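One file, input_22.pdb, is given below (PDB, C-alpha atoms).
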```pdb
ATOM      1  CA  MET X 463       0.000   0.000   0.000
ATOM      2  CA  LEU X 464       2.869   2.364   0.793
ATOM      3  CA  LYS X 465       5.044   1.308  -2.117
ATOM      4  CA  ASP X 466       6.676   4.303  -3.816
ATOM      5  CA  LYS X 467       5.189   6.630  -1.174
ATOM      6  CA  PRO X 468       7.471   9.163   0.599
ATOM      7  CA  ILE X 469       6.129   8.041   3.985
ATOM      8  CA  LEU X 470       7.761   4.657   3.434
ATOM      9  CA  HIS X 471      11.135   6.179   4.332
ATOM     10  CA  HIS X 472       9.827   6.975   7.829
ATOM     11  CA  LEU X 473       9.051   3.340   8.620
ATOM     12  CA  ILE X 474      11.798   1.757  10.706
ATOM     13  CA  ASP X 475      10.458  -1.708  11.524
ATOM     14  CA  ASN X 476       7.322  -3.731  11.006
ATOM     15  CA  ILE X 477       6.192  -5.180  14.339
ATOM     16  CA  ALA X 478       2.633  -6.522  14.353
ATOM     17  CA  ILE X 479       0.926  -6.294  17.753
ATOM     18  CA  ASP X 480      -2.266  -7.985  18.916
ATOM     19  CA  ASN X 481      -4.144  -5.188  20.680
ATOM     20  CA  ASN X 482      -6.682  -7.610  22.130
ATOM     21  CA  THR X 483      -4.250  -8.903  24.724
ATOM     22  CA  GLU X 484      -1.655  -7.453  27.066
ATOM     23  CA  SER X 485       0.463 -10.591  26.932
ATOM     24  CA  ASP X 486       1.572 -10.404  23.304
ATOM     25  CA  PRO X 487       5.324 -11.206  23.480
ATOM     26  CA  LYS X 488       5.943  -8.807  20.601
ATOM     27  CA  LEU X 489       5.114  -5.917  22.924
ATOM     28  CA  GLU X 490       8.509  -6.322  24.549
ATOM     29  CA  ASN X 491      10.136  -6.268  21.119
ATOM     30  CA  LEU X 492       8.318  -3.027  20.369
ATOM     31  CA  LYS X 493       9.338  -1.444  23.684
ATOM     32  CA  ARG X 494      12.942  -2.473  23.163
ATOM     33  CA  ARG X 495      12.985  -1.059  19.628
ATOM     34  CA  ILE X 496      11.466   2.240  20.776
ATOM     35  CA  PHE X 497      14.130   2.495  23.472
ATOM     36  CA  GLU X 498      16.890   1.794  20.947
ATOM     37  CA  LEU X 499      15.595   4.506  18.619
ATOM     38  CA  ALA X 500      15.117   6.958  21.483
ATOM     39  CA  LYS X 501      18.804   6.663  22.338
ATOM     40  CA  GLN X 502      19.612   7.868  18.830
ATOM     41  CA  GLN X 503      17.846  11.187  19.385
ATOM     42  CA  PRO X 504      20.223  14.179  19.455
ATOM     43  CA  HIS X 505      19.572  15.163  23.091
ATOM     44  CA  TRP X 506      19.593  11.640  24.548
ATOM     45  CA  GLY X 507      21.974  11.387  27.479
ATOM     46  CA  GLU X 508      22.790  15.089  27.533
ATOM     47  CA  GLU X 509      23.213  16.625  30.939
ATOM     48  CA  LYS X 510      21.329  19.820  31.637
ATOM     49  CA  PRO X 511      21.913  22.370  34.390
ATOM     50  CA  ALA X 512      19.968  21.769  37.595
ATOM     51  CA  ARG X 513      19.025  25.463  37.595
ATOM     52  CA  TRP X 514      16.814  24.752  34.573
ATOM     53  CA  LEU X 515      14.486  22.532  36.602
ATOM     54  CA  PRO X 516      12.403  25.226  38.385
ATOM     55  CA  LEU X 517      11.510  26.961  35.118
ATOM     56  CA  GLU X 518      10.912  23.628  33.423
ATOM     57  CA  GLN X 519       8.527  22.640  36.217
ATOM     58  CA  ALA X 520       6.803  26.037  36.079
ATOM     59  CA  ILE X 521       6.146  25.578  32.370
ATOM     60  CA  MET X 522       4.721  22.105  32.995
ATOM     61  CA  THR X 523       2.461  23.530  35.719
ATOM     62  CA  MET X 524       1.199  26.259  33.399
ATOM     63  CA  LYS X 525       0.543  23.705  30.692
ATOM     64  CA  ALA X 526      -1.326  21.437  33.131
ATOM     65  CA  SER X 527      -3.523  24.371  34.162
ATOM     66  CA  GLY X 528      -4.637  24.841  30.560
ATOM     67  CA  ILE X 529      -2.439  27.774  29.542
ATOM     68  CA  LYS X 530      -1.584  27.323  25.873
ATOM     69  CA  VAL X 531       0.487  30.406  25.082
ATOM     70  CA  ALA X 532       2.768  32.457  27.311
ATOM     71  CA  SER X 533       4.649  35.643  26.614
ATOM     72  CA  LEU X 534       8.418  35.629  26.730
ATOM     73  CA  SER X 535       8.247  38.393  29.330
ATOM     74  CA  LEU X 536       6.153  36.140  31.605
ATOM     75  CA  ILE X 537       8.684  33.321  31.288
ATOM     76  CA  GLU X 538      11.460  35.780  32.116
ATOM     77  CA  GLU X 539       9.537  37.036  35.154
ATOM     78  CA  ILE X 540       8.924  33.489  36.422
ATOM     79  CA  ASN X 541      12.624  32.772  36.051
ATOM     80  CA  ARG X 542      13.632  35.963  37.897
ATOM     81  CA  SER X 543      11.299  35.179  40.792
ATOM     82  CA  SER X 544      12.786  31.723  41.316
ATOM     83  CA  SER X 545      15.360  31.183  44.059
ATOM     84  CA  ILE X 546      17.287  29.028  41.583
ATOM     85  CA  LYS X 547      17.272  30.825  38.267
ATOM     86  CA  ILE X 548      18.794  30.830  34.819
ATOM     87  CA  GLU X 549      21.372  33.565  35.092
ATOM     88  CA  ASP X 550      21.260  35.439  31.794
ATOM     89  CA  ARG X 551      19.276  35.955  28.597
ATOM     90  CA  GLY X 552      21.704  33.889  26.546
ATOM     91  CA  GLU X 553      21.232  30.819  28.713
ATOM     92  CA  LEU X 554      17.469  31.355  28.750
ATOM     93  CA  GLU X 555      17.597  31.256  24.955
ATOM     94  CA  VAL X 556      19.496  27.960  25.125
ATOM     95  CA  PHE X 557      16.908  26.606  27.573
ATOM     96  CA  LEU X 558      13.983  27.562  25.336
ATOM     97  CA  ASN X 559      15.665  26.126  22.252
ATOM     98  CA  PHE X 560      16.300  22.875  24.122
ATOM     99  CA  GLN X 561      12.660  22.641  25.217
ATOM    100  CA  HIS X 562      11.617  23.281  21.620
ATOM    101  CA  ASP X 563      13.968  20.585  20.301
ATOM    102  CA  ILE X 564      12.579  17.914  22.634
ATOM    103  CA  GLY X 565       8.992  18.889  21.804
ATOM    104  CA  THR X 566       7.961  20.365  25.153
ATOM    105  CA  ILE X 567       7.170  23.801  23.708
ATOM    106  CA  LEU X 568       7.224  25.666  20.412
ATOM    107  CA  TYR X 569       9.647  28.580  20.454
ATOM    108  CA  PHE X 570      10.932  30.461  17.431
ATOM    109  CA  LYS X 571      13.741  33.013  17.416
ATOM    110  CA  ASP X 572      12.270  35.075  14.575
ATOM    111  CA  ASP X 573      11.600  38.684  15.582
ATOM    112  CA  SER X 574       7.918  38.330  14.704
ATOM    113  CA  LEU X 575       7.484  35.156  16.789
ATOM    114  CA  ARG X 576       9.901  35.186  19.713
ATOM    115  CA  GLU X 577       7.722  37.243  22.067
ATOM    116  CA  LYS X 578       5.302  34.344  22.496
ATOM    117  CA  ILE X 579       5.826  30.691  23.357
ATOM    118  CA  ILE X 580       3.386  27.871  22.673
ATOM    119  CA  LEU X 581       3.378  25.745  25.816
ATOM    120  CA  ASP X 582       1.285  22.952  24.317
ATOM    121  CA  PRO X 583       2.394  21.849  20.820
ATOM    122  CA  GLN X 584      -0.682  19.604  20.552
ATOM    123  CA  TRP X 585      -2.840  22.722  20.827
ATOM    124  CA  MET X 586      -1.080  24.114  17.757
ATOM    125  CA  ILE X 587      -1.759  20.868  15.902
ATOM    126  CA  ASP X 588      -5.421  21.046  16.928
ATOM    127  CA  ALA X 589      -5.636  24.605  15.598
ATOM    128  CA  ILE X 590      -4.332  23.480  12.220
ATOM    129  CA  LYS X 591      -6.604  20.430  12.171
ATOM    130  CA  SER X 592      -9.643  22.567  12.913
ATOM    131  CA  LEU X 593      -9.163  24.473   9.658
ATOM    132  CA  ILE X 594      -9.562  21.263   7.680
ATOM    133  CA  THR X 595     -13.246  21.207   8.424
ATOM    134  CA  ASP X 596     -16.123  19.058   7.267
ATOM    135  CA  HIS X 597     -18.773  20.172   4.777
ATOM    136  CA  ARG X 598     -21.312  20.025   7.609
ATOM    137  CA  PHE X 599     -19.644  23.125   9.034
ATOM    138  CA  ILE X 600     -20.926  25.102   6.049
ATOM    139  CA  GLU X 601     -24.486  24.029   6.720
ATOM    140  CA  GLN X 602     -24.202  25.755  10.097
ATOM    141  CA  ASN X 603     -22.300  28.776   8.738
ATOM    142  CA  PRO X 604     -23.802  29.705   5.357
ATOM    143  CA  THR X 605     -22.153  33.147   5.444
ATOM    144  CA  VAL X 606     -18.770  31.589   4.642
ATOM    145  CA  THR X 607     -19.920  29.053   2.057
ATOM    146  CA  LYS X 608     -17.966  30.805  -0.701
ATOM    147  CA  GLU X 609     -14.810  30.975   1.430
ATOM    148  CA  TRP X 610     -15.067  27.307   2.399
ATOM    149  CA  TYR X 611     -15.388  26.129  -1.205
ATOM    150  CA  SER X 612     -12.487  28.366  -2.217
ATOM    151  CA  PHE X 613     -10.349  26.770   0.496
ATOM    152  CA  ASN X 614     -11.542  23.246  -0.228
ATOM    153  CA  ASP X 615     -11.135  23.495  -4.006
ATOM    154  CA  ASN X 616      -8.225  25.908  -4.436
ATOM    155  CA  GLY X 617      -6.439  26.040  -1.093
ATOM    156  CA  LYS X 618      -7.219  29.728  -0.567
ATOM    157  CA  LEU X 619      -7.614  30.314   3.161
ATOM    158  CA  THR X 620      -9.308  33.602   4.026
ATOM    159  CA  HIS X 621      -9.476  35.525   7.279
ATOM    160  CA  GLU X 622     -13.260  35.262   7.113
ATOM    161  CA  LEU X 623     -13.125  31.467   7.137
ATOM    162  CA  ILE X 624     -10.524  31.377   9.908
ATOM    163  CA  ASP X 625     -12.682  33.709  12.006
ATOM    164  CA  ALA X 626     -15.778  31.584  11.436
ATOM    165  CA  ILE X 627     -13.997  28.393  12.502
ATOM    166  CA  TRP X 628     -11.955  29.762  15.385
ATOM    167  CA  THR X 629     -14.748  31.773  16.992
ATOM    168  CA  LYS X 630     -16.729  28.605  17.667
ATOM    169  CA  LYS X 631     -17.367  28.166  21.387
ATOM    170  CA  GLU X 632     -15.066  25.172  21.758
ATOM    171  CA  LYS X 633     -12.141  27.018  20.142
ATOM    172  CA  PRO X 634     -11.982  30.471  21.784
ATOM    173  CA  ASP X 635      -8.258  30.371  22.504
ATOM    174  CA  PHE X 636      -7.492  29.790  18.824
ATOM    175  CA  HIS X 637      -9.093  33.057  17.776
ATOM    176  CA  ASP X 638      -7.536  34.941  20.686
ATOM    177  CA  ASN X 639      -4.139  33.999  19.244
ATOM    178  CA  LYS X 640      -5.131  34.158  15.585
ATOM    179  CA  GLU X 641      -2.393  36.440  14.260
ATOM    180  CA  TYR X 642       0.322  34.549  16.093
ATOM    181  CA  LEU X 643      -0.967  31.170  14.914
ATOM    182  CA  ILE X 644      -1.032  32.411  11.331
ATOM    183  CA  LEU X 645       2.587  33.546  11.631
ATOM    184  CA  VAL X 646       3.590  30.164  13.057
ATOM    185  CA  MET X 647       1.809  28.336  10.240
ATOM    186  CA  GLU X 648       3.724  30.497   7.778
ATOM    187  CA  LYS X 649       6.959  29.720   9.597
ATOM    188  CA  LEU X 650       6.238  25.993   9.324
ATOM    189  CA  ASN X 651       5.344  26.359   5.621
ATOM    190  CA  ILE X 652       1.818  25.133   6.258
ATOM    191  CA  ILE X 653       0.377  28.232   4.623
ATOM    192  CA  ALA X 654       1.884  30.976   2.469
ATOM    193  CA  ARG X 655       0.747  34.482   1.712
ATOM    194  CA  PRO X 656       0.156  35.193  -1.982
ATOM    195  CA  MET X 657       2.771  37.273  -3.755
ATOM    196  CA  SER X 658       2.066  40.415  -5.733
ATOM    197  CA  TYR X 659       4.422  42.400  -7.944
ATOM    198  CA  ASN X 660       5.014  46.128  -8.167
ATOM    199  CA  LEU X 661       5.638  47.929 -11.424
ATOM    200  CA  ASP X 662       9.368  47.795 -10.719
ATOM    201  CA  GLY X 663       9.210  44.011 -10.611
ATOM    202  CA  LYS X 664       9.729  43.666  -6.864
ATOM    203  CA  SER X 665       7.555  41.129  -5.087
ATOM    204  CA  VAL X 666       5.599  41.932  -1.945
ATOM    205  CA  LYS X 667       3.450  39.780   0.308
ATOM    206  CA  VAL X 668      -0.270  40.379   0.260
ATOM    207  CA  CYS X 669      -1.926  40.256   3.673
TER     208      CYS X 669
END
```
Structure translated into structure tokens:
Amino acid sequence: MLKDKPILHHLIDNIAIDNNTESDPKLENLKRRIFELAKQQPHWGEEKPARWLPLEQAIMTMKASGIKVASLSLIEEINRSSSIKIEDRGELEVFLNFQHDIGTILYFKDDSLREKIILDPQWMIDAIKSLITDHRFIEQNPTVTKEWYSFNDNGKLTHELIDAIWTKKEKPDFHDNKEYLILVMEKLNIIARPMSYNLDGKSVKVC
């Protein structure tokens, strides 16, 4: 089924597991293989400063309380208020990059993105997934029928459609962070702004 598909290169082993029983002996093979692959990750076995732990725990506490996005200034303030703190801005940058690399947070050094930190990467994934919406959504939101078909047929994502999806009651925090999420999606090459050209031939992004 996956022959000649790019995803095939991401498959490491084929271990069939019977999910109807907890005693399948192949489970141990799977656990062992996962452990072997985990040790190949770039940060495996690296030591980290003990002074990172208070801020790391504070971030985990914020995430557990449902906070999805935090400002860099808040993270800096939490660090300053700790009795054991990261000493300077350079080391804080290293800390945030490390947390990003191991998947704990999403932090980007770009000037347009660095002032906010996504504490829950799954929340970002959910925001993206929510834009790929079912046709039934249109039946409940006829005012954006044109925008939905344009997105579904041509890949043109409009602010009107984003607003309609992200202002739904179960997704209020998406819309509250709309501009930032759009910038992150651009950063990750999930979406791209259309290009326009001036008379002098220079290209500019269209908002």
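The interatomic distance for the pair atom CA of X:Glu632 and atom CA of X:Leu593 works out to 13.5 Å.
Computed from the coordinates, the atom CA of X:Phe613 to atom CA of X:Pro583 distance equals 24.5 Å.
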Exercise for the section: Evaluate the PyMOL selection byres ((chain X and resi 576) around 12) here and jot the selected residues down as a PyMOL selection string. Expected result: chain X and resi 531-535+537+555+558-559+568-575+577-580+642+645-646+649
Handout entry: Expected selection from the PyMOL selection byres ((chain X and resi 595) around 12), given as a PyMOL selection string
Key = chain X and resi 588-594+596-603+610-611+613-614+619+623-624+626-628
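With all atoms listed in the file as the atoms that count, the minimum distance from X:Leu643 to the choices X:His562, X:Pro604, X:Arg551, X:Lys530 is reached by X:Lys530.
Within a radius of 12 Å around (4.6, 27.4, 36.1), the polymer residues are Leu515, Pro516, Leu517, Glu518, Gln519, Ala520, Ile521, Met522, Thr523, Met524, Lys525, Ala526, Ser527, Gly528, Ile529, Lys530, Ala532, Leu536, Ile537, Glu538, Glu539, Ile540, Asn541, Ser543, Ser544 and Leu581 of chain X, counting all atoms listed in the file.
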Practice task
Could you tell me how far atom CA of X:Asp638 lies from atom CA of X:Lys618, in Å and to one decimal?
Solution key: 21.9 Å
Listed atoms of stretch 620-630 of chain X boxed along x, y and z, 3 Å each side, centre and edge lengths in Å, one decimal, as lines of an AutoDock Vina configuration file:
```
center_x = -13.0
center_y = 32.0
center_z = 10.8
size_x = 13.4
size_y = 13.1
size_z = 19.6
```
Handout entry: Protein and nucleic acid residues near (2.9, 30.0, 4.2) (cut-off 12 Å, all atoms listed in the file) as number ranges by chain
Key = X: 617-619, 643-657, 667-669
